[in-house]
Amino acid sequence: MEYRIEKAGWRDFFDLYRLEKKVFAQDAWPWFDLLIVLTFPGFVRLKAVADAQMIGFAAGEIRRGDGAGWVVTLGVLPEYRRQGIGQALLRECERLLNSRRIRLCVRKSNLPALKLYQQKGYVVYTTWANYYHGGEDALVLEKIVAS
């Protein structure tokens, strides 16, 4: 399957809103947060596109408070998973963040995502209790990028 990784912007709002609902269901970001991630300066915003359709999205930012780059969201539509799209979005987001330390959060029960992140060099940094809807903990993962 052919797809492209492109920069995303405010014109992708409705596509991103639909993708969020399909990918994250109960954990989908509210529309206001999506608008922020698509418009505020300082964010890395990427979309995966196939057949003129957004099939994946990733965003990241540098958080000055802890000096780390954060992948704040990464999702691929269910019917397009296991084709390397998530890996490609993650790789490009990491590259554009250009930080020595990269962090992200994942549901403790999301084993496919955990496996991907661990294969890409992420390890558990800490746990945020009751982070997700339904009270599930988030694992905060960190990757140290070789200089």
# chains A, B, ... in the order shown; residues from 1 in each chain; ligands from 1
>>> select_by_dssp(residues="chain A", states="strand (DSSP E)", output="PDB file with C-alpha atoms, in the first residue's frame")
ATOM      1  CA  ARG A   4       2.892   9.635   2.098  1.00  0.00           C
ATOM      2  CA  ILE A   5       3.909  11.390   5.305  1.00  0.00           C
ATOM      3  CA  GLU A   6       3.137  15.106   5.028  1.00  0.00           C
ATOM      4  CA  LYS A   7       2.964  18.116   7.309  1.00  0.00           C
ATOM      5  CA  PHE A  43       4.160  21.665  17.372  1.00  0.00           C
ATOM      6  CA  VAL A  44       5.332  19.023  14.932  1.00  0.00           C
ATOM      7  CA  ARG A  45       2.224  17.928  12.987  1.00  0.00           C
ATOM      8  CA  LEU A  46       2.305  15.019  10.567  1.00  0.00           C
ATOM      9  CA  LYS A  47      -0.296  13.095   8.646  1.00  0.00           C
ATOM     10  CA  ALA A  48      -0.136   9.860   6.725  1.00  0.00           C
ATOM     11  CA  VAL A  49      -2.146  10.072   3.510  1.00  0.00           C
ATOM     12  CA  ALA A  50      -3.303   7.327   1.141  1.00  0.00           C
ATOM     13  CA  GLN A  53      -7.419  10.319   2.832  1.00  0.00           C
ATOM     14  CA  MET A  54      -5.779  10.924   6.224  1.00  0.00           C
ATOM     15  CA  ILE A  55      -5.032   7.450   7.562  1.00  0.00           C
ATOM     16  CA  GLY A  56      -2.698   8.407  10.404  1.00  0.00           C
ATOM     17  CA  PHE A  57      -1.549  11.368  12.441  1.00  0.00           C
ATOM     18  CA  ALA A  58       1.255  12.230  14.853  1.00  0.00           C
ATOM     19  CA  ALA A  59       2.089  15.387  16.755  1.00  0.00           C
ATOM     20  CA  GLY A  60       4.913  16.361  19.048  1.00  0.00           C
ATOM     21  CA  GLU A  61       6.323  19.273  20.966  1.00  0.00           C
ATOM     22  CA  ILE A  62       9.384  20.197  22.963  1.00  0.00           C
ATOM     23  CA  ARG A  63       8.490  20.763  26.602  1.00  0.00           C
ATOM     24  CA  ALA A  68      12.285  16.455  26.433  1.00  0.00           C
ATOM     25  CA  GLY A  69      10.518  16.109  23.130  1.00  0.00           C
ATOM     26  CA  TRP A  70       7.060  14.613  23.560  1.00  0.00           C
ATOM     27  CA  VAL A  71       5.109  12.637  20.996  1.00  0.00           C
ATOM     28  CA  VAL A  72       1.746  13.905  22.222  1.00  0.00           C
ATOM     29  CA  THR A  73      -0.387  11.781  19.918  1.00  0.00           C
ATOM     30  CA  LEU A  74       0.089   9.059  17.321  1.00  0.00           C
ATOM     31  CA  GLY A  75      -2.693   7.072  15.723  1.00  0.00           C
ATOM     32  CA  VAL A  76      -3.420   5.050  12.598  1.00  0.00           C
ATOM     33  CA  ARG A 101      15.161  12.577  24.982  1.00  0.00           C
ATOM     34  CA  ILE A 102      11.774  11.673  23.540  1.00  0.00           C
ATOM     35  CA  ARG A 103       8.793  10.733  25.706  1.00  0.00           C
ATOM     36  CA  LEU A 104       5.247   9.578  25.092  1.00  0.00           C
ATOM     37  CA  CYS A 105       2.288   8.092  26.964  1.00  0.00           C
ATOM     38  CA  VAL A 106       0.456   4.887  26.199  1.00  0.00           C
ATOM     39  CA  ARG A 107      -2.373   2.962  27.839  1.00  0.00           C
ATOM     40  CA  VAL A 123      11.567   2.059  27.994  1.00  0.00           C
ATOM     41  CA  VAL A 124       9.194   2.751  30.885  1.00  0.00           C
ATOM     42  CA  TYR A 125      10.142   6.040  32.531  1.00  0.00           C
ATOM     43  CA  THR A 126       7.251   6.366  34.993  1.00  0.00           C
ATOM     44  CA  THR A 127       3.541   5.639  35.409  1.00  0.00           C
ATOM     45  CA  TRP A 128       0.717   8.161  35.636  1.00  0.00           C
ATOM     46  CA  ALA A 138      -0.593   5.547  31.442  1.00  0.00           C
ATOM     47  CA  LEU A 139       2.919   4.302  30.978  1.00  0.00           C
ATOM     48  CA  VAL A 140       5.263   7.167  30.228  1.00  0.00           C
ATOM     49  CA  LEU A 141       7.953   5.835  27.920  1.00  0.00           C
ATOM     50  CA  GLU A 142      11.271   7.453  27.150  1.00  0.00           C
ATOM     51  CA  LYS A 143      13.855   6.999  24.461  1.00  0.00           C
ATOM     52  CA  ILE A 144      17.381   8.403  24.676  1.00  0.00           C
TER      53      ILE A 144
END
>>> closest_residue(among="A:Leu89, A:Leu35, A:Leu114, A:Leu97", to="A:Gly67", atoms="only C-alpha atoms")
A:Leu97
>>> closest_residue(among="A:Met1, A:Val23, A:Leu111, A:Ala28", to="A:Pro78", atoms="only C-alpha atoms")
A:Val23
>>> closest_residue(among="A:Tyr3, A:Asn110, A:Tyr131, A:Ala8", to="A:Gly84", atoms="only C-alpha atoms")
A:Tyr3
>>> residues_around(residues="stretch 11-14 of chain A", least_positions_apart="4", cutoff="8 Å", atoms="only C-alpha atoms", output="count of residues only")
4
>>> residues_around(residues="A:Asp27", least_positions_apart="5", cutoff="10 Å", atoms="only C-alpha atoms", output="list in words")
Glu20, Lys21, Arg107, Tyr132, His133 and Gly134 of chain A
>>> write_last_selection(atoms="C-alpha atoms", output="PDB file, in the first residue's frame")
ATOM      1  CA  GLU A  20      -9.390  10.683  16.530  1.00  0.00           C
ATOM      2  CA  LYS A  21     -12.901   9.327  17.085  1.00  0.00           C
ATOM      3  CA  ARG A 107      -2.373   2.962  27.839  1.00  0.00           C
ATOM      4  CA  TYR A 132      -7.063   7.553  30.889  1.00  0.00           C
ATOM      5  CA  HIS A 133     -10.845   7.396  30.864  1.00  0.00           C
ATOM      6  CA  GLY A 134     -11.999   4.447  32.888  1.00  0.00           C
TER       7      GLY A 134
END
>>> atom_distance(atom1="atom CA of A:Leu19", atom2="atom CA of A:Glu92")
19.2 Å
>>> select_by_dssp(residues="chain A", states="helix (DSSP H, G or I)", output="PyMOL selection string")
chain A and resi 10-27+31-39+78-80+85-97+111-119+133-135
>>> write_last_selection(atoms="C-alpha atoms", output="tab-separated table (two decimals), in the first residue's frame")
chain	number	residue	atom	x	y	z
A	10	TRP	CA	-5.53	23.65	10.26
A	11	ARG	CA	-7.19	22.55	7.01
A	12	ASP	CA	-6.88	18.96	8.26
A	13	PHE	CA	-9.12	19.64	11.27
A	14	PHE	CA	-12.20	17.67	10.17
A	15	ASP	CA	-10.15	14.72	8.92
A	16	LEU	CA	-8.22	14.66	12.19
A	17	TYR	CA	-11.42	14.91	14.22
A	18	ARG	CA	-12.85	11.84	12.43
A	19	LEU	CA	-9.56	9.94	12.78
A	20	GLU	CA	-9.39	10.68	16.53
A	21	LYS	CA	-12.90	9.33	17.09
A	22	LYS	CA	-12.14	6.12	15.18
A	23	VAL	CA	-8.68	5.53	16.63
A	24	PHE	CA	-9.05	6.57	20.25
A	25	ALA	CA	-12.83	6.38	20.89
A	26	GLN	CA	-13.19	7.23	24.61
A	27	ASP	CA	-9.75	8.87	24.76
A	31	TRP	CA	-12.13	19.53	19.20
A	32	PHE	CA	-10.47	22.46	20.98
A	33	ASP	CA	-7.32	20.44	21.72
A	34	LEU	CA	-7.18	19.28	18.11
A	35	LEU	CA	-7.41	22.87	16.94
A	36	ILE	CA	-4.55	23.82	19.27
A	37	VAL	CA	-2.29	21.02	18.05
A	38	LEU	CA	-3.00	22.00	14.43
A	39	THR	CA	-2.47	25.74	14.83
A	78	PRO	CA	-7.51	0.36	12.34
A	79	GLU	CA	-7.76	-0.85	8.74
A	80	TYR	CA	-4.28	0.55	7.96
A	85	ILE	CA	2.62	3.66	8.98
A	86	GLY	CA	2.84	4.16	12.74
A	87	GLN	CA	6.59	3.48	12.61
A	88	ALA	CA	7.03	6.00	9.80
A	89	LEU	CA	5.05	8.68	11.67
A	90	LEU	CA	7.02	8.02	14.86
A	91	ARG	CA	10.37	8.14	13.08
A	92	GLU	CA	9.57	11.44	11.33
A	93	CYS	CA	8.12	12.99	14.48
A	94	GLU	CA	11.28	12.04	16.42
A	95	ARG	CA	13.47	13.47	13.67
A	96	LEU	CA	11.62	16.79	13.60
A	97	LEU	CA	11.56	17.08	17.39
A	111	LEU	CA	0.05	-4.06	23.90
A	112	PRO	CA	0.50	-3.51	20.13
A	113	ALA	CA	1.58	0.12	20.71
A	114	LEU	CA	3.82	-0.90	23.62
A	115	LYS	CA	5.50	-3.50	21.44
A	116	LEU	CA	6.13	-0.94	18.68
A	117	TYR	CA	7.59	1.61	21.08
A	118	GLN	CA	9.79	-0.95	22.83
A	119	GLN	CA	11.09	-2.16	19.45
A	133	HIS	CA	-10.85	7.40	30.86
A	134	GLY	CA	-12.00	4.45	32.89
A	135	GLY	CA	-9.13	4.90	35.35
>>> atom_distance(atom1="atom CA of A:Arg64", atom2="atom CA of A:Tyr122")
20.3 Å
